[in-house]
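One structure is given below, encoded as structure tokens.
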Amino acid sequence: MKVYRNDKNGQKIIETYNKLLAAWGCDKTEKDINTTYGTTHVIECGDPSLKPLVLFHGVGDDSALMWIFNAKYLSQYFHIFAIDTIGGPGKSRPNQNYNKDFDDIRWIDETLAGLGIDKAFFTGVSNGAYLVKYYTIKRPEKVIKGICISSAVPTVNAGKKKGSFKTMMKIFLPEALFPTDKNVDKLIKKLSGKHYDVFTNNKDIMEHYKYLLRGFNNMAMGFHKVRPFTLEEVDKIRDKVVFLVGNEDPFQKLGGRETLIENHMNVTFYDDAGHGLNHELAEEINLKIKEELENI
């Protein structure tokens, strides 16, 4: 499965990835962990004596972009491991075993084992938050506590909401199909609240996002399956996972806000913020993560 549409696009994505990583503003190391499904790229920062915090980004982006406004602050309080999802557009590289039999739990288990992590805090954004929830259900002994940003609870009933596909199309099309500079700007504003300028005023972020839209093969993430949770599974995460959600997040129109409230989840809603919550309100979200995790 090709991660990039062609080699030229892949090169541009990695070049701009490295620009964003250089802008993190903290000391870091990069390493590749061998797993059954290929190599998993991990960015590590923070004092190794601190408690580990594992970070998962969303679909169609990568660690360099996702944590650009969070890593420096969080690495003062935690030992950070930012993981590029295998099959995503970062630096992880799938092999021939990355196919329809792919198992997210096995992949995470093997990645953590390669990093020498027995248990950790976990934080994820969007699909990365799904990985946090799913791993908490399947490996509760390994998750001290989880933070899920720009996410909801994928219950069976939530999956039956009408208009989900139509809403997705309204959010992403036509801009994602024709990622000109103007359309990338429009899409960012669709996804964000009033603080969209944290993206649009940063030429390196906009350049990288443009190349992601142009060059990433979205089919490469197809082996990551998102399944609805049973009520019993929701019970398992209720006291262990905290949700942080922007009120202007367009994905809440899919019923996400309703599922969080109906299932009595521990959630904080933020005004004037959208799907890029940890970018748009970086200082506030950084402090919230620290407060939720540091005294456990």
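As shown in the structure tokens, the chain order sets the letters A, B, ...; within each chain, residues go from 1, and ligands are also counted from 1 in the order they appear.
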Every residue of range 24-260 of chain A that DSSP places in strand (DSSP E), as a PDB file with N, CA, C and O atoms, in the first residue's frame:
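This went into out_20.pdb:
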```pdb
ATOM      1  N   THR A  29      14.319  13.551  19.822  1.00  0.00           N
ATOM      2  CA  THR A  29      14.970  12.522  19.028  1.00  0.00           C
ATOM      3  C   THR A  29      13.896  11.814  18.213  1.00  0.00           C
ATOM      4  O   THR A  29      12.728  11.757  18.608  1.00  0.00           O
ATOM      5  N   GLU A  30      14.293  11.278  17.072  1.00  0.00           N
ATOM      6  CA  GLU A  30      13.394  10.509  16.225  1.00  0.00           C
ATOM      7  C   GLU A  30      13.901   9.075  16.134  1.00  0.00           C
ATOM      8  O   GLU A  30      15.100   8.841  16.036  1.00  0.00           O
ATOM      9  N   LYS A  31      12.980   8.136  16.184  1.00  0.00           N
ATOM     10  CA  LYS A  31      13.372   6.735  16.088  1.00  0.00           C
ATOM     11  C   LYS A  31      12.301   5.941  15.354  1.00  0.00           C
ATOM     12  O   LYS A  31      11.131   6.364  15.286  1.00  0.00           O
ATOM     13  N   ASP A  32      12.694   4.819  14.815  1.00  0.00           N
ATOM     14  CA  ASP A  32      11.774   3.919  14.129  1.00  0.00           C
ATOM     15  C   ASP A  32      11.699   2.597  14.881  1.00  0.00           C
ATOM     16  O   ASP A  32      12.732   1.985  15.166  1.00  0.00           O
ATOM     17  N   ILE A  33      10.480   2.175  15.191  1.00  0.00           N
ATOM     18  CA  ILE A  33      10.243   0.932  15.933  1.00  0.00           C
ATOM     19  C   ILE A  33       9.728  -0.127  14.962  1.00  0.00           C
ATOM     20  O   ILE A  33       8.738   0.095  14.257  1.00  0.00           O
ATOM     21  N   ASN A  34      10.391  -1.273  14.940  1.00  0.00           N
ATOM     22  CA  ASN A  34       9.954  -2.367  14.074  1.00  0.00           C
ATOM     23  C   ASN A  34       8.735  -3.059  14.654  1.00  0.00           C
ATOM     24  O   ASN A  34       8.702  -3.407  15.840  1.00  0.00           O
ATOM     25  N   THR A  35       7.710  -3.234  13.823  1.00  0.00           N
ATOM     26  CA  THR A  35       6.512  -3.968  14.224  1.00  0.00           C
ATOM     27  C   THR A  35       6.156  -4.958  13.123  1.00  0.00           C
ATOM     28  O   THR A  35       6.734  -4.941  12.042  1.00  0.00           O
ATOM     29  N   GLY A  38       5.335  -3.074   9.859  1.00  0.00           N
ATOM     30  CA  GLY A  38       6.266  -2.116   9.299  1.00  0.00           C
ATOM     31  C   GLY A  38       6.922  -1.304  10.402  1.00  0.00           C
ATOM     32  O   GLY A  38       6.825  -1.633  11.584  1.00  0.00           O
ATOM     33  N   THR A  39       7.620  -0.224  10.022  1.00  0.00           N
ATOM     34  CA  THR A  39       8.290   0.611  11.009  1.00  0.00           C
ATOM     35  C   THR A  39       7.375   1.747  11.455  1.00  0.00           C
ATOM     36  O   THR A  39       6.724   2.392  10.630  1.00  0.00           O
ATOM     37  N   THR A  40       7.321   1.974  12.750  1.00  0.00           N
ATOM     38  CA  THR A  40       6.536   3.057  13.322  1.00  0.00           C
ATOM     39  C   THR A  40       7.489   4.164  13.751  1.00  0.00           C
ATOM     40  O   THR A  40       8.392   3.928  14.552  1.00  0.00           O
ATOM     41  N   HIS A  41       7.267   5.361  13.211  1.00  0.00           N
ATOM     42  CA  HIS A  41       8.127   6.497  13.526  1.00  0.00           C
ATOM     43  C   HIS A  41       7.628   7.192  14.783  1.00  0.00           C
ATOM     44  O   HIS A  41       6.431   7.466  14.916  1.00  0.00           O
ATOM     45  N   VAL A  42       8.560   7.493  15.688  1.00  0.00           N
ATOM     46  CA  VAL A  42       8.220   8.095  16.974  1.00  0.00           C
ATOM     47  C   VAL A  42       9.137   9.287  17.232  1.00  0.00           C
ATOM     48  O   VAL A  42      10.357   9.199  17.041  1.00  0.00           O
ATOM     49  N   ILE A  43       8.547  10.397  17.645  1.00  0.00           N
ATOM     50  CA  ILE A  43       9.301  11.576  18.072  1.00  0.00           C
ATOM     51  C   ILE A  43       9.266  11.602  19.591  1.00  0.00           C
ATOM     52  O   ILE A  43       8.189  11.606  20.197  1.00  0.00           O
ATOM     53  N   GLU A  44      10.437  11.627  20.200  1.00  0.00           N
ATOM     54  CA  GLU A  44      10.548  11.543  21.656  1.00  0.00           C
ATOM     55  C   GLU A  44      11.138  12.839  22.200  1.00  0.00           C
ATOM     56  O   GLU A  44      12.128  13.349  21.671  1.00  0.00           O
ATOM     57  N   CYS A  45      10.530  13.381  23.235  1.00  0.00           N
ATOM     58  CA  CYS A  45      11.080  14.568  23.888  1.00  0.00           C
ATOM     59  C   CYS A  45      10.654  14.594  25.351  1.00  0.00           C
ATOM     60  O   CYS A  45       9.712  13.922  25.752  1.00  0.00           O
ATOM     61  N   PRO A  52       5.492   8.814  31.157  1.00  0.00           N
ATOM     62  CA  PRO A  52       5.318   8.801  29.698  1.00  0.00           C
ATOM     63  C   PRO A  52       3.932   9.265  29.267  1.00  0.00           C
ATOM     64  O   PRO A  52       2.918   8.921  29.871  1.00  0.00           O
ATOM     65  N   LEU A  53       3.907  10.038  28.179  1.00  0.00           N
ATOM     66  CA  LEU A  53       2.673  10.492  27.552  1.00  0.00           C
ATOM     67  C   LEU A  53       2.763  10.154  26.077  1.00  0.00           C
ATOM     68  O   LEU A  53       3.612  10.683  25.351  1.00  0.00           O
ATOM     69  N   VAL A  54       1.878   9.269  25.615  1.00  0.00           N
ATOM     70  CA  VAL A  54       1.859   8.828  24.221  1.00  0.00           C
ATOM     71  C   VAL A  54       0.839   9.660  23.467  1.00  0.00           C
ATOM     72  O   VAL A  54      -0.305   9.827  23.912  1.00  0.00           O
ATOM     73  N   LEU A  55       1.232  10.184  22.289  1.00  0.00           N
ATOM     74  CA  LEU A  55       0.387  11.068  21.501  1.00  0.00           C
ATOM     75  C   LEU A  55       0.053  10.444  20.156  1.00  0.00           C
ATOM     76  O   LEU A  55       0.942   9.965  19.442  1.00  0.00           O
ATOM     77  N   PHE A  56      -1.236  10.471  19.784  1.00  0.00           N
ATOM     78  CA  PHE A  56      -1.702   9.992  18.485  1.00  0.00           C
ATOM     79  C   PHE A  56      -2.372  11.139  17.718  1.00  0.00           C
ATOM     80  O   PHE A  56      -3.266  11.796  18.235  1.00  0.00           O
ATOM     81  N   HIS A  79       7.289  12.745  29.647  1.00  0.00           N
ATOM     82  CA  HIS A  79       8.192  12.156  28.659  1.00  0.00           C
ATOM     83  C   HIS A  79       7.330  11.831  27.444  1.00  0.00           C
ATOM     84  O   HIS A  79       6.525  10.899  27.482  1.00  0.00           O
ATOM     85  N   ILE A  80       7.478  12.606  26.375  1.00  0.00           N
ATOM     86  CA  ILE A  80       6.568  12.570  25.237  1.00  0.00           C
ATOM     87  C   ILE A  80       7.009  11.547  24.200  1.00  0.00           C
ATOM     88  O   ILE A  80       8.183  11.465  23.835  1.00  0.00           O
ATOM     89  N   PHE A  81       6.025  10.782  23.698  1.00  0.00           N
ATOM     90  CA  PHE A  81       6.234   9.880  22.565  1.00  0.00           C
ATOM     91  C   PHE A  81       5.140  10.170  21.540  1.00  0.00           C
ATOM     92  O   PHE A  81       4.007   9.714  21.688  1.00  0.00           O
ATOM     93  N   ALA A  82       5.466  10.956  20.512  1.00  0.00           N
ATOM     94  CA  ALA A  82       4.499  11.302  19.465  1.00  0.00           C
ATOM     95  C   ALA A  82       4.632  10.298  18.326  1.00  0.00           C
ATOM     96  O   ALA A  82       5.673  10.207  17.680  1.00  0.00           O
ATOM     97  N   ILE A  83       3.582   9.551  18.091  1.00  0.00           N
ATOM     98  CA  ILE A  83       3.615   8.417  17.157  1.00  0.00           C
ATOM     99  C   ILE A  83       2.979   8.791  15.821  1.00  0.00           C
ATOM    100  O   ILE A  83       1.848   9.289  15.781  1.00  0.00           O
ATOM    101  N   ARG A  93       6.330   3.580   8.056  1.00  0.00           N
ATOM    102  CA  ARG A  93       6.317   2.909   6.754  1.00  0.00           C
ATOM    103  C   ARG A  93       5.750   1.491   6.873  1.00  0.00           C
ATOM    104  O   ARG A  93       6.363   0.614   7.479  1.00  0.00           O
ATOM    105  N   PRO A  94       4.568   1.248   6.290  1.00  0.00           N
ATOM    106  CA  PRO A  94       3.966  -0.086   6.344  1.00  0.00           C
ATOM    107  C   PRO A  94       4.704  -1.072   5.438  1.00  0.00           C
ATOM    108  O   PRO A  94       5.352  -0.677   4.463  1.00  0.00           O
ATOM    109  N   ALA A 120       1.173   4.120  30.408  1.00  0.00           N
ATOM    110  CA  ALA A 120       1.402   5.527  30.100  1.00  0.00           C
ATOM    111  C   ALA A 120       0.104   6.308  30.131  1.00  0.00           C
ATOM    112  O   ALA A 120      -0.986   5.740  30.186  1.00  0.00           O
ATOM    113  N   PHE A 121       0.243   7.639  30.100  1.00  0.00           N
ATOM    114  CA  PHE A 121      -0.867   8.510  29.759  1.00  0.00           C
ATOM    115  C   PHE A 121      -0.979   8.517  28.234  1.00  0.00           C
ATOM    116  O   PHE A 121       0.013   8.352  27.529  1.00  0.00           O
ATOM    117  N   PHE A 122      -2.204   8.743  27.723  1.00  0.00           N
ATOM    118  CA  PHE A 122      -2.419   8.790  26.285  1.00  0.00           C
ATOM    119  C   PHE A 122      -3.258  10.013  25.939  1.00  0.00           C
ATOM    120  O   PHE A 122      -4.219  10.326  26.634  1.00  0.00           O
ATOM    121  N   THR A 123      -2.879  10.675  24.851  1.00  0.00           N
ATOM    122  CA  THR A 123      -3.677  11.782  24.319  1.00  0.00           C
ATOM    123  C   THR A 123      -3.763  11.638  22.807  1.00  0.00           C
ATOM    124  O   THR A 123      -2.763  11.345  22.148  1.00  0.00           O
ATOM    125  N   GLY A 124      -4.974  11.844  22.269  1.00  0.00           N
ATOM    126  CA  GLY A 124      -5.148  11.754  20.823  1.00  0.00           C
ATOM    127  C   GLY A 124      -6.132  12.790  20.331  1.00  0.00           C
ATOM    128  O   GLY A 124      -6.971  13.285  21.098  1.00  0.00           O
ATOM    129  N   VAL A 125      -6.008  13.120  19.047  1.00  0.00           N
ATOM    130  CA  VAL A 125      -6.909  14.079  18.408  1.00  0.00           C
ATOM    131  C   VAL A 125      -7.657  13.375  17.282  1.00  0.00           C
ATOM    132  O   VAL A 125      -7.052  12.652  16.480  1.00  0.00           O
ATOM    133  N   VAL A 143      -3.235   1.878  30.294  1.00  0.00           N
ATOM    134  CA  VAL A 143      -3.644   3.286  30.172  1.00  0.00           C
ATOM    135  C   VAL A 143      -3.896   3.860  31.560  1.00  0.00           C
ATOM    136  O   VAL A 143      -4.852   3.480  32.238  1.00  0.00           O
ATOM    137  N   ILE A 144      -3.029   4.783  31.984  1.00  0.00           N
ATOM    138  CA  ILE A 144      -3.224   5.433  33.277  1.00  0.00           C
ATOM    139  C   ILE A 144      -4.431   6.362  33.194  1.00  0.00           C
ATOM    140  O   ILE A 144      -5.332   6.328  34.029  1.00  0.00           O
ATOM    141  N   LYS A 145      -4.461   7.183  32.147  1.00  0.00           N
ATOM    142  CA  LYS A 145      -5.595   8.067  31.869  1.00  0.00           C
ATOM    143  C   LYS A 145      -5.477   8.549  30.435  1.00  0.00           C
ATOM    144  O   LYS A 145      -4.371   8.665  29.892  1.00  0.00           O
ATOM    145  N   GLY A 146      -6.607   8.838  29.802  1.00  0.00           N
ATOM    146  CA  GLY A 146      -6.604   9.281  28.413  1.00  0.00           C
ATOM    147  C   GLY A 146      -7.264  10.634  28.231  1.00  0.00           C
ATOM    148  O   GLY A 146      -8.210  10.972  28.938  1.00  0.00           O
ATOM    149  N   ILE A 147      -6.739  11.407  27.286  1.00  0.00           N
ATOM    150  CA  ILE A 147      -7.338  12.674  26.881  1.00  0.00           C
ATOM    151  C   ILE A 147      -7.730  12.556  25.415  1.00  0.00           C
ATOM    152  O   ILE A 147      -6.889  12.267  24.560  1.00  0.00           O
ATOM    153  N   CYS A 148      -9.011  12.774  25.105  1.00  0.00           N
ATOM    154  CA  CYS A 148      -9.509  12.682  23.736  1.00  0.00           C
ATOM    155  C   CYS A 148      -9.960  14.056  23.265  1.00  0.00           C
ATOM    156  O   CYS A 148     -10.914  14.620  23.800  1.00  0.00           O
ATOM    157  N   ILE A 149      -9.252  14.597  22.270  1.00  0.00           N
ATOM    158  CA  ILE A 149      -9.506  15.940  21.761  1.00  0.00           C
ATOM    159  C   ILE A 149     -10.248  15.853  20.428  1.00  0.00           C
ATOM    160  O   ILE A 149      -9.921  15.026  19.576  1.00  0.00           O
ATOM    161  N   VAL A 241     -11.314   8.431  30.722  1.00  0.00           N
ATOM    162  CA  VAL A 241     -11.031   9.257  29.551  1.00  0.00           C
ATOM    163  C   VAL A 241     -11.729  10.606  29.682  1.00  0.00           C
ATOM    164  O   VAL A 241     -12.917  10.668  30.012  1.00  0.00           O
ATOM    165  N   VAL A 242     -10.989  11.664  29.402  1.00  0.00           N
ATOM    166  CA  VAL A 242     -11.514  13.026  29.416  1.00  0.00           C
ATOM    167  C   VAL A 242     -11.629  13.515  27.978  1.00  0.00           C
ATOM    168  O   VAL A 242     -10.720  13.314  27.168  1.00  0.00           O
ATOM    169  N   PHE A 243     -12.750  14.164  27.650  1.00  0.00           N
ATOM    170  CA  PHE A 243     -12.968  14.683  26.302  1.00  0.00           C
ATOM    171  C   PHE A 243     -12.868  16.204  26.304  1.00  0.00           C
ATOM    172  O   PHE A 243     -13.440  16.875  27.169  1.00  0.00           O
ATOM    173  N   LEU A 244     -12.170  16.742  25.301  1.00  0.00           N
ATOM    174  CA  LEU A 244     -12.055  18.186  25.102  1.00  0.00           C
ATOM    175  C   LEU A 244     -12.546  18.490  23.691  1.00  0.00           C
ATOM    176  O   LEU A 244     -11.998  17.968  22.711  1.00  0.00           O
ATOM    177  N   VAL A 245     -13.578  19.319  23.574  1.00  0.00           N
ATOM    178  CA  VAL A 245     -14.264  19.505  22.294  1.00  0.00           C
ATOM    179  C   VAL A 245     -14.552  20.979  22.048  1.00  0.00           C
ATOM    180  O   VAL A 245     -15.014  21.691  22.941  1.00  0.00           O
ATOM    181  N   GLY A 246     -14.290  21.440  20.821  1.00  0.00           N
ATOM    182  CA  GLY A 246     -14.639  22.799  20.426  1.00  0.00           C
ATOM    183  C   GLY A 246     -16.080  22.882  19.976  1.00  0.00           C
ATOM    184  O   GLY A 246     -16.559  22.038  19.206  1.00  0.00           O
TER     185      GLY A 246
END
```
Mind checking DSSP for range 133-287 of chain A and telling me the alpha helix (DSSP H) residues as a ChimeraX atom specification? /A:133-138,164-172,181-191,197-200,203-215,231-238,256-262,277-280,282-287
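Between Asp103 in chain A and the residues A:Ala64, A:Tyr135, A:Met265, A:Leu231, the shortest atom-to-atom distance, using only C-alpha atoms, involves A:Tyr135.
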What is the CA of Ala22 in chain A-CA of Gln76 in chain A distance in Å, reported with one decimal? 17.4 Å
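The residue that comes closest to Thr136 in chain A, out of A:Ile205, A:Asp235, A:His275, A:Gly58 and on the basis of only C-alpha atoms, is A:Asp235.
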One decimal, in Å: what's the spacing between CA of Val3 in chain A and CA of Gly88 in chain A? 6.7 Å
If I take CA of Glu233 in chain A and CA of Glu291 in chain A, how far is one from the other in Å, to one decimal?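 Computed distance, CA of Glu233 in chain A to CA of Glu291 in chain A, equals 25.8 Å.
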Hey, which of A:Lys51, A:Arg238, A:His279, A:Lys225 ends up closest to Glu262 in chain A? Count only C-alpha atoms.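 Of A:Lys51, A:Arg238, A:His279, A:Lys225, the one nearest Glu262 in chain A is A:Arg238, counting only C-alpha atoms.
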So that I can check the surroundings of Asn201 in chain A, please list as a list in words every protein, DNA and RNA residue that reaches within 12 Å of it, counting only C-alpha atoms and ignoring chain neighbours fewer than 6 positions away.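 Close residues of Asn201 in chain A: Asp185, Ile188, Lys189, His195 and Glu207 of chain A.
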Atoms to include: all heavy atoms. Write the selected residues as a PDB file, in the first residue's frame.
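Result written to part_3.pdb:
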```
ATOM      1  N   ASP A 185      -7.084  27.350   2.265  1.00  0.00           N
ATOM      2  CA  ASP A 185      -7.466  28.393   3.221  1.00  0.00           C
ATOM      3  C   ASP A 185      -8.946  28.266   3.591  1.00  0.00           C
ATOM      4  O   ASP A 185      -9.308  28.341   4.773  1.00  0.00           O
ATOM      5  CB  ASP A 185      -7.194  29.764   2.588  1.00  0.00           C
ATOM      6  CG  ASP A 185      -7.411  30.910   3.553  1.00  0.00           C
ATOM      7  OD1 ASP A 185      -6.474  31.250   4.291  1.00  0.00           O
ATOM      8  OD2 ASP A 185      -8.537  31.482   3.562  1.00  0.00           O
ATOM      9  N   ILE A 188      -9.519  25.144   5.873  1.00  0.00           N
ATOM     10  CA  ILE A 188      -9.069  25.402   7.239  1.00  0.00           C
ATOM     11  C   ILE A 188     -10.124  26.202   7.998  1.00  0.00           C
ATOM     12  O   ILE A 188     -10.448  25.912   9.157  1.00  0.00           O
ATOM     13  CB  ILE A 188      -7.732  26.164   7.233  1.00  0.00           C
ATOM     14  CG1 ILE A 188      -6.582  25.250   6.797  1.00  0.00           C
ATOM     15  CG2 ILE A 188      -7.446  26.767   8.610  1.00  0.00           C
ATOM     16  CD1 ILE A 188      -6.207  24.181   7.800  1.00  0.00           C
ATOM     17  N   LYS A 189     -10.699  27.195   7.354  1.00  0.00           N
ATOM     18  CA  LYS A 189     -11.708  28.025   8.013  1.00  0.00           C
ATOM     19  C   LYS A 189     -12.988  27.247   8.275  1.00  0.00           C
ATOM     20  O   LYS A 189     -13.675  27.494   9.270  1.00  0.00           O
ATOM     21  CB  LYS A 189     -11.985  29.269   7.163  1.00  0.00           C
ATOM     22  CG  LYS A 189     -10.805  30.235   7.147  1.00  0.00           C
ATOM     23  CD  LYS A 189     -11.036  31.414   6.214  1.00  0.00           C
ATOM     24  CE  LYS A 189      -9.834  32.351   6.219  1.00  0.00           C
ATOM     25  NZ  LYS A 189     -10.002  33.487   5.271  1.00  0.00           N
ATOM     26  N   HIS A 195     -10.385  31.274  15.697  1.00  0.00           N
ATOM     27  CA  HIS A 195      -8.929  31.386  15.813  1.00  0.00           C
ATOM     28  C   HIS A 195      -8.203  30.663  14.677  1.00  0.00           C
ATOM     29  O   HIS A 195      -7.091  30.174  14.845  1.00  0.00           O
ATOM     30  CB  HIS A 195      -8.472  30.832  17.157  1.00  0.00           C
ATOM     31  CG  HIS A 195      -9.128  31.479  18.340  1.00  0.00           C
ATOM     32  ND1 HIS A 195      -8.844  32.766  18.729  1.00  0.00           N
ATOM     33  CD2 HIS A 195     -10.070  31.027  19.200  1.00  0.00           C
ATOM     34  CE1 HIS A 195      -9.579  33.080  19.789  1.00  0.00           C
ATOM     35  NE2 HIS A 195     -10.331  32.044  20.088  1.00  0.00           N
ATOM     36  N   GLU A 207       1.694  25.337   3.965  1.00  0.00           N
ATOM     37  CA  GLU A 207       2.416  24.623   2.910  1.00  0.00           C
ATOM     38  C   GLU A 207       2.334  23.114   3.132  1.00  0.00           C
ATOM     39  O   GLU A 207       2.070  22.341   2.203  1.00  0.00           O
ATOM     40  CB  GLU A 207       3.876  25.075   2.893  1.00  0.00           C
ATOM     41  CG  GLU A 207       4.716  24.412   1.800  1.00  0.00           C
ATOM     42  CD  GLU A 207       6.178  24.800   1.858  1.00  0.00           C
ATOM     43  OE1 GLU A 207       6.694  25.042   2.976  1.00  0.00           O
ATOM     44  OE2 GLU A 207       6.818  24.852   0.791  1.00  0.00           O
TER      45      GLU A 207
END
```
Compile the contact shell of range 68-71 of chain A as a PyMOL selection string: residues with an atom at most 9 Å away, counting only C-alpha atoms, same-chain residues fewer than 2 positions apart removed. chain A and resi 20-21+23-26+45-46+63-66+73-76+80+82+278-279+282-283+285-286
Find the residues near Asn97 in chain A: any atom within 9 Å, counting only C-alpha atoms, skip ones fewer than 3 places away on the same chain, and give them as an MDAnalysis selection string. chainID A and resid 36:38 94 100:102
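Shortest atom-to-atom contact with Leu281 in chain A among A:Pro174, A:Gly10, A:Pro154, A:Gly193: A:Gly193, counting only C-alpha atoms.
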